[in-house]
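Chemist: Have a look at this one before I ask anything.
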Amino acid sequence: MTAYMPISGSLFIYAARWVDPAISFALGWNYFYYVGTAIALEITAFSAMITFWDTNPDHTAIYIAVIIVALLLLNLFGVRWFGNSEIFFAALKIMLVVGLIIGGLVISLGGGPDHQVIGFKYWQNPGPMVSILEPGATGRFLGLLVAITPAAFSLSGIELIAITAAEVQQPRTNIIKAMKTVIFRLVLFFIASVIVVGMVVPSNDPALFRPGVTAGQSPFVIAFQRAGVKVLPSIVNAVLITSAFSAANTFIFSGSRILYGLAVQNKAPRIFTTCTRNGLPWVAVLAAWLFSFLAFMNVAASSATVFNWFVSLATMCGFIGWVTLNTTYLRYYYGLRRQGIVPRGIYRSPLQPYAAMWAIFWVSFYILVSGISVFWDWNAAKFVAAYINLPIFFLLFLGYKLWYKTKMLPLAELDFVSNNPSLEETGDEGLLLEKSSFAKKLREM
């Protein structure tokens, strides 16, 4: 959709044009709430990882206050260094992931100080899956469902890259390149890392379940400690801390731009369009930054508890966003077909529209089971954290729809033309050049 129409406010404009303006309103505030929650979550993760070195709980508030002030200063006065700093932090994260995978394999093959060969021993005993809530196979299946929430949070927000598409050169070409790297990132950063973690840390390791302090320890840190590597755990933890700071900084930046976009579309108070002479939406920045104060909840509760609350809140926002965006895509797909429009040179996945239907089905299922553990061990706070975003989203949708009496247009009347720059206007005319596929090259040979 972004490759077809790279315009400012992309995701929310698409929902308004091709589904319903009320959905756009609810989606915009859903994503602003998502990044706001994620800001507090990353600061919580930062304060938890500090406990790897400083276990004094009285210092938690100090660390949180320092990072909150640093984030404000960076977003108000250090915007010019934002891009360079994110490149630096991204390079650190890539090197860390690659290094952890290599280091994990070395430890597994007996290259650690203890020279213990682990291999796939932990996959046999105790096994890669832990039974929770119920014994046996049922408990392992429930464990898989419970693990979906933190796993989904790790993937959520990838789609937000589309928001900046209109601000870059050759937006269509670059958004296609950026999103094609998603598969590579999934395989290397997630799947490969999970496989290696399963090799070097047993699924029943007590350190994985210790509350509070170990919220600041990654499985890789635990693995290196178990193998007798003394310096590397501190290095890993330090890089993870920079990652948490970078993520919080990015979320404040994204949240402020989302709020600014909503205000421009008259879906938020106009005060949030207030900018400095250099174009910085400073009121929106302050509004997004205020979410960081939620991290002070760590002072009254353990970091692990607060972290899990924020993960549940943010993940549900991500799920809702995915369902809404895939629904928007189906309207876009069938709208183009109904009107006989064939996008010139625009990337179209061969898996569509079935991939969108598949995603809607499974994400809807994940929404239902995201808080499944509370039905075995009732906890009102966990239940609210898991499901409160659903009624909030529907109230936003229904309130806007009833107040403005919006309607969903027929497919034949959807707008695919207004304010849509041509490929020549965005410098993407290179996409019109026919590119031979690998299969076509073989046939030509």
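We name chains A, B, ... following the order of the structure tokens; residues begin at 1 in each chain, and ligands are numbered from 1 as shown.
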Dump as CSV the rows for residues of range 342-369 of chain A within 9 Å of range 149-173 of chain A: closest atom pair and distance in Å with one decimal, only C-alpha atoms counted, ordered by chain and rising residue number.

Modeler:
residue,atom,partner,partner_atom,distance
A:Ile346,CA,A:Arg172,CA,7.8
A:Tyr347,CA,A:Arg172,CA,8.9
A:Tyr366,CA,A:Thr149,CA,8.1

Chemist: Export, as a PDB file, in the first residue's frame, the selected residues with C-alpha atoms.

Modeler:
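The result, written out as part.pdb:
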ATOM      1  CA  ILE A 346       4.598  -1.465  -7.878  1.00  0.00           C
ATOM      2  CA  TYR A 347       5.651  -4.521  -5.883  1.00  0.00           C
ATOM      3  CA  TYR A 366      -3.815 -14.470  19.360  1.00  0.00           C
TER       4      TYR A 366
END

Chemist: From the set A:Val97, A:Val323, A:Leu313, A:Ala380, which residue has the shortest atom-to-atom contact distance to Ala359 in chain A, counting only C-alpha atoms?

Modeler: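 Answer, going by the shortest atom-to-atom distance: A:Val323.
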
Chemist: In range 153-397 of chain A, what's helix (DSSP H, G or I) per DSSP? Answer as number ranges by chain?

Modeler: A: 153-155, 158-167, 171-180, 182-200, 206-209, 213-216, 219-227, 232-264, 270-273, 282-300, 303-339, 354-369, 372-375, 380-387, 389-397

Chemist: Counting only C-alpha atoms, figure out which residue out of A:Ala287, A:Ser292, A:Phe393, A:Gly136 gets nearest to Glu42 in chain A.

Modeler: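 Between A:Ala287, A:Ser292, A:Phe393, A:Gly136, the residue approaching Glu42 in chain A most closely is A:Ser292.
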
Chemist: One number please: CA of Ala288 in chain A to CA of Trp29 in chain A, in Å, one decimal.

Modeler: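 Answer for the CA of Ala288 in chain A to CA of Trp29 in chain A separation: 11.9 Å.
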
Chemist: Return the single residue from A:Leu433, A:Ile195, A:Ala3, A:Leu395 that is closest to Ala26 in chain A, with distances computed using only C-alpha atoms.

Modeler: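 The shortest atom-to-atom distance to Ala26 in chain A comes from A:Leu395.
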
Chemist: Using only C-alpha atoms, which protein or nucleic acid residues come within 6 Å of range 250-260 of chain A? Drop anything in the same chain fewer than 5 positions from it, and give the result as a PDB file with C-alpha atoms, in the first residue's frame.

Modeler:
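Final output, saved to out37.pdb:
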ATOM      1  CA  PHE A  32       0.062   6.495  19.698  1.00  0.00           C
ATOM      2  CA  VAL A  35       4.381   3.721  21.287  1.00  0.00           C
ATOM      3  CA  ILE A  39       8.423   4.040  25.860  1.00  0.00           C
ATOM      4  CA  PHE A 272      -0.101  19.299  18.801  1.00  0.00           C
ATOM      5  CA  THR A 273       0.698  20.841  15.400  1.00  0.00           C
ATOM      6  CA  ALA A 284       3.723  16.488  20.427  1.00  0.00           C
ATOM      7  CA  VAL A 285       7.215  15.485  21.584  1.00  0.00           C
ATOM      8  CA  ALA A 288       4.809  11.422  23.886  1.00  0.00           C
ATOM      9  CA  TRP A 289       7.630  11.916  26.402  1.00  0.00           C
TER      10      TRP A 289
END

Chemist: Find the spatial neighbours of Ala412 in chain A, counting only C-alpha atoms, within a cut-off of 7 Å - ignore same-chain residues fewer than 4 positions away - and output them as a list in words.

Modeler: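 So, after excluding close chain neighbours, the residues are Gly335, Arg338 and Gln339 of chain A.
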
Chemist: How about saving the chosen residues, N, CA and C atoms kept, as a JSON list (two decimals), in the first residue's frame?

Modeler:
[["chain", "number", "residue", "atom", "x", "y", "z"],
["A", 335, "GLY", "N", -10.52, -3.30, -4.02],
["A", 335, "GLY", "CA", -10.91, -2.03, -4.61],
["A", 335, "GLY", "C", -10.21, -1.78, -5.93],
["A", 338, "ARG", "N", -11.75, -4.11, -8.48],
["A", 338, "ARG", "CA", -13.09, -3.69, -8.87],
["A", 338, "ARG", "C", -13.02, -2.53, -9.86],
["A", 339, "GLN", "N", -12.07, -1.62, -9.66],
["A", 339, "GLN", "CA", -11.97, -0.44, -10.52],
["A", 339, "GLN", "C", -11.06, -0.67, -11.72]]

Chemist: Could you tell me which of A:Ala45, A:Val197, A:Leu142, A:Met129 comes closest to Phe375 in chain A if we count only C-alpha atoms?

Modeler: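 Smallest separation from Phe375 in chain A among the options: A:Leu142.
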
Chemist: Given only C-alpha atoms as the basis, pick out the residue of A:Ala295, A:Met316, A:Leu286, A:Val106 nearest to Ala223 in chain A.

Modeler: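 Counting only C-alpha atoms, the residue closest to Ala223 in chain A is A:Val106.
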
Chemist: Could you check the closest approach to Thr324 in chain A for each of A:Val363, A:Leu41, A:Met408, A:Leu280 and tell me which residue wins, using only C-alpha atoms?

Modeler: A:Val363
